[in-house]
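What follows is a short report on a single structure.
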Number of protein chains: 4
Amino acid sequence: MHKELKNQVCQANLELQKQKLVIYSFGNVSGIDRASGHVVIKPSGIPYDELTPDKLVVLDLNNNIIEGDLNPSSDTPTHLELYRKFPEIGGVCHTHSIYATIWAQAHKEIPAFGTTHADYFYGPVPVTDIPTAEEIAHNYEHNIGTVIIRRFKDLNPLQIPAVLVAGHGPFTWGKDASEAVEIAVILEQVARLALDTITLNPQQKAISQTLLDKHYLRKHGENAYYGQKQEK
Amino acid sequence: MHKELKNQVCQANLELQKQKLVIYSFGNVSGIDRASGHVVIKPSGIPYDELTPDKLVVLDLNNNIIEGDLNPSSDTPTHLELYRKFPEIGGVCHTHSIYATIWAQAHKEIPAFGTTHADYFYGPVPVTDIPTAEEIAHNYEHNIGTVIIRRFKDLNPLQIPAVLVAGHGPFTWGKDASEAVEIAVILEQVARLALDTITLNPQQKAISQTLLDKHYLRKHGENAYYGQKQEK
Amino acid sequence: MHKELKNQVCQANLELQKQKLVIYSFGNVSGIDRASGHVVIKPSGIPYDELTPDKLVVLDLNNNIIEGDLNPSSDTPTHLELYRKFPEIGGVCHTHSIYATIWAQAHKEIPAFGTTHADYFYGPVPVTDIPTAEEIAHNYEHNIGTVIIRRFKDLNPLQIPAVLVAGHGPFTWGKDASEAVEIAVILEQVARLALDTITLNPQQKAISQTLLDKHYLRKHGENAYYGQKQEK
Amino acid sequence: MHKELKNQVCQANLELQKQKLVIYSFGNVSGIDRASGHVVIKPSGIPYDELTPDKLVVLDLNNNIIEGDLNPSSDTPTHLELYRKFPEIGGVCHTHSIYATIWAQAHKEIPAFGTTHADYFYGPVPVTDIPTAEEIAHNYEHNIGTVIIRRFKDLNPLQIPAVLVAGHGPFTWGKDASEAVEIAVILEQVARLALDTITLNPQQKAISQTLLDKHYLRKHGENAYYGQKQEK
């Protein structure tokens with residue numbers, strides 16, 4: 001069942017370790033098959049060295065386990081909420097990667113200080129509110145999703161494919177599990193650049209909207225001219 | 001004698017090098033067999049590349065060598081004091097890992113700035129006092145243990161499995177040598193996150209008790225639901 | 001066509017990844033054959049693991065593609081402008097390497113804080129202006145070249161073989177593609193040293209002109225005595 | 001001639017690269033045979049990958065080449081001055097390693113902030129004056145030695161086996177080439193710890209003389225008890 005998706009999601013999880021975004025069993029990646037509404041996700045607390053496609057868990061969007069002998073990642077309800085509210089996305093990734101987590105722990109959004117940022121994120125990478133005491137007490141992991149969705153009320157998740165959960169760490173997403181991980185790697189790079197940029201120049205402002213537009217739009221959307229034209 | 005324990009302690013010591021927490025012969029890990037009261041520990045000044053299980057030293061809790069041709073780690077009396085006063089622990093680890101040592105050298109406890117911290121430590125990672133001149137002059141290594149125990153007067157060592165010895169570096173512990181090393185790796189990650197968090201936002205406060213409870217208790221204790229349920 | 005040059009430029013591009021100056025398809029290196037006026041450059045958006053000499057694109061200095069099935073790097077017009085205005089150079093390299101990009105994002109030139117800097121750069125590494133809205137709107141990549149050339153009005157590109165494009169990242173150059181990459185590696189080292197030097201001592205001044213002269217001139221020019229005398 | 005010494009010095013030079021203290025042809029290590037007064041040193045500008053024992057240069061203490069086809073390191077006169085004035089040392093090492101160079105570029109000595117420092121250096125790691133314009137103009141490399149010796153007027157080079165040349169980088173030494181490199185590795189670690197210690201706590205003071213004595217003297221001198229007793 002969902003054999004190809006499981007392979008892809010397993011590969012994307014292993015890439016987290018290869019890219020040094022995680023240690024031990026930190027982090028998790030999922031992918032969705034929109035036709036069936038089934039989500040494939042990493043099991044909870046399993047070290048990456050022991051991860052194989054058949055250990056992944058399959059759930060529906062209502063958090064019912066469809067297939068799998070292991071408990072799914074404890075962050076599963078967050079993933080599901082993102083798939084429900086962002087219908088265009090196909091993969092979700094969560095890590096505690098160093099530099100993105102630092103911004104999350106400092107409760108600060110990452111300004112677009114340069115074109116590296118603008119190549120991938122069409123504006124600052126936002127930080128959520130802390131969930132309320134009530135939201136922590138009941139359905140905590142679902143409510144992590146809630147605070148993310150609340151933060152994206154006026155944002156386009158396809159143009160800003162990442163968020164920092166305050167006091168916690170980043171979630172990223174993309175068209176599939178593999179792209180969600182790629183965004184996580186780029187986010188880590190951008191977060192690292194931004195941290196030392198503001199250390200070196202505490203008054204540093206974000207780049208202009210004109211430069212942000214130029215870089216984002218030369219890689220994304222109808223008039224993109226970066227890379228090789230793909231058949232459409 | 002204690003063949004399995006020696007293998008495990010040797011492996012845990014080698015893991016320190018693999019995880020890049022130590023260089024040369026820095027650091028040491030021990031494990032205890034509570035039935036016999038025997039402690040197995042790394043010999044002093046031996047590089048990791050030359051370390052084999054048969055080179056480990058076996059001592060009783062009164063610092064008498066039971067087995068071994070080499071001098072035990074000069075930090076042995078600290079390990080023994082921890083085993084005597086924290087009867088629930090089975091392994092102890094000491095390193096000069098970069099980020100934990102920075103907090104120790106700055107004489108500052110590590111606040112719980114995020115959920116990565118809360119997943120492993122149920123409160124700030126404490127820093128000891130500097131031993132007094134008298135405590136340095138006589139039985140120094142034993143007294144390192146003394147200042148740690150003094151600092152833990154009102155703390156539960158199972159809930160806070162790490163300490164920073166001021167002006168020196170971290171000690172961590174766990175149910176066995178292997179877990180003590182795992183905690184040392186996590187501590188290093190948490191110390192690194194915290195350092196740049198406070199650099200980025202010098203006014204940053206620790207996360208709320210509610211969020212600390214949620215994350216610590218979803219992984220530890222009776223109501224834990226992280227990971228795979230083990231048979232009990 | 002230009003088989004040797006393609007091999008050299010391909011090798012120089014791969015060196016970027018090996019030296020950890022780039023991730024994914026970030027960065028690009030080119031080389032020129034001055035006799036024909038042909039420039040060989042990396043194609044756009046191709047990951048380094050898939051890069052082979054036959055995938056490189058050959059262009060003339062007027063941005064006409066002479067050979068190649070793939071789109072050239074989107075930064076090609078910047079490279080071409082540098083080759084046109086700096087007739088002594090034979091290779092150009094562009095990256096978003098961490099430390100050089102931090103200085104670029106902070107809109108600060110890198111002062112010559114030490115002899116490591118002076119061994120390669122005969123003065124501070126300059127930062128450009130941000131291109132104007134007009135320069136961004138039309139022929140953006142060509143105008144990145146324009147702002148670089150404007151900044152070098154009174155500078156000798158052979159003595160200062162690097163520039164920081166404000167809000168973007170570094171360009172470096174040299175006698176060939178390989179040297180352009182070597183300068184990019186050294187620039188990254190120098191940028192890293194300078195960042196923490198000014199963190200440690202915010203009032204730190206550049207080294208004296210005397211010491212700058214001594215180090216730069218013992219490695220460059222007629223009276224150089226560093227290294228092994230080459231036949232001339 | 002001096003075959004064993006050449007092997008040892010070559011090995012020590014290669015260790016610099018392995019320990020990531022150098023890139024390209026940066027850095028150099030030498031060793032002395034006190035009986036003959038001959039110094040073996042790395043040739044100038046040769047990459048580490050091409051270094052073999054037979055490429056090393058042999059000189060006497062008056063800077064006369066005794067053997068070797070290549071130019072010796074341009075820093076040779078500094079090494080020779082150290083061997084002349086510190087008769088107890090047998091090896092010298094020079095690098096531009098990141099963290100030690102940062103302290104050198106900031107013209108600041110490294111305070112003994114912790115026991116890692118005290119285990120190897122019996123006090124702060126000193127920084128020299130900048131050589132005068134006159135000292136730069138004539139016999140510059142010899143005069144780097146001069147400013148080091150001047151700084152050590154009241155210091156014992158065996159107890160403080162390292163120095164930071166202001167605006168330049170570190171020199172370290174030891175009983176042989178191999179120990180000089182080991183000290184360079186430790187110095188880099190200590191410099192890194194100290195940088196972030198003072199960032200985290202700008203008012204941080206050095207550890208007490210009592211603690212410095214305890215740690216230095218438990219590893220060095222007559223009453224040392226660290227490591228395994230060697231036959232004497």
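Residue names in the structure tokens use chain letters A, B, ... in the order shown, residue numbers from 1 in each chain, and ligand numbers from 1 in the order shown.
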
Find the nearest atom pair between each residue of chain D and chain C for residues within 10 Å, count only C-alpha atoms, give distances in Å to one decimal, sort rows by chain and ascending number, and present the table as a Markdown table.
| residue | atom | partner | partner_atom | distance |
| --- | --- | --- | --- | --- |
| D:Ile23 | CA | C:Ile186 | CA | 8.6 |
| D:Tyr24 | CA | C:Glu182 | CA | 8.8 |
| D:Ser25 | CA | C:Gly227 | CA | 9.4 |
| D:Phe26 | CA | C:Thr116 | CA | 9.2 |
| D:Pro43 | CA | C:Gly227 | CA | 7.8 |
| D:Ser44 | CA | C:Gly227 | CA | 4.5 |
| D:Gly45 | CA | C:Gly227 | CA | 4.3 |
| D:Ile46 | CA | C:Gly227 | CA | 7.3 |
| D:Asp69 | CA | C:Gln228 | CA | 9.9 |
| D:Leu70 | CA | C:Gln228 | CA | 6.7 |
| D:Asn71 | CA | C:Gln228 | CA | 6.0 |
| D:Pro72 | CA | C:Gly227 | CA | 8.3 |
| D:Ser73 | CA | C:Gly227 | CA | 7.5 |
| D:Ser74 | CA | C:Tyr226 | CA | 6.0 |
| D:Asp75 | CA | C:Tyr226 | CA | 9.4 |
| D:His96 | CA | C:Thr116 | CA | 7.2 |
| D:Ser97 | CA | C:Leu193 | CA | 9.3 |
| D:Ile98 | CA | C:Leu193 | CA | 6.2 |
| D:Tyr99 | CA | C:Leu193 | CA | 7.7 |
| D:Ala100 | CA | C:Leu193 | CA | 9.7 |
| D:Thr101 | CA | C:Leu193 | CA | 7.2 |
| D:Ile102 | CA | C:Thr197 | CA | 5.1 |
| D:Trp103 | CA | C:Thr197 | CA | 6.9 |
| D:Ala104 | CA | C:Gly114 | CA | 8.3 |
| D:Gln105 | CA | C:Gly114 | CA | 5.7 |
| D:Ala106 | CA | C:Thr197 | CA | 5.4 |
| D:His107 | CA | C:Gln204 | CA | 8.3 |
| D:Lys108 | CA | C:Asn201 | CA | 8.5 |
| D:Ile130 | CA | C:Leu211 | CA | 9.1 |
| D:Pro131 | CA | C:Leu211 | CA | 8.8 |
| D:Thr132 | CA | C:Thr210 | CA | 9.3 |
| D:Ala133 | CA | C:Thr210 | CA | 6.5 |
| D:Glu134 | CA | C:Thr210 | CA | 9.6 |
| D:Ile136 | CA | C:Leu211 | CA | 6.8 |
| D:Ala137 | CA | C:Lys214 | CA | 7.6 |
| D:Tyr140 | CA | C:Lys214 | CA | 8.4 |
| D:Ala166 | CA | C:Gly114 | CA | 8.2 |
| D:Gly167 | CA | C:Gly114 | CA | 4.5 |
| D:His168 | CA | C:Thr115 | CA | 5.1 |
| D:Gly169 | CA | C:Thr115 | CA | 8.2 |
| D:Leu195 | CA | C:Leu200 | CA | 7.1 |
| D:Asp196 | CA | C:Leu200 | CA | 9.1 |
| D:Ile198 | CA | C:Leu200 | CA | 8.2 |
| D:Thr199 | CA | C:Leu200 | CA | 7.6 |
| D:Pro202 | CA | C:Leu200 | CA | 9.8 |

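The spacing separating atom CA of A:Leu164 from atom CA of A:Gly123 amounts to 13.7 Å.
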
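Rounded to one decimal, atom CA of B:Ala12 and atom CA of B:Ser178 lie 5.2 Å from each other.
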
Practice problem: Excluding B:Ile160 and any residue of its chain fewer than 5 positions from it, enumerate the residues within 12 Å of it, using only C-alpha atoms, and give them as a list in words. | Solution: Phe86, Ile89, Ile110, Ala112, His117, Ala118, Asp119, Tyr120, Phe121, Tyr122, Gly123, Pro124, Val125, Pro126, Val127, Arg151, Phe152, Asp154, Leu155, Phe171, Thr172, Trp173, Gly174, Ala180, Ile183, Leu187, Tyr216 and His220 of chain B
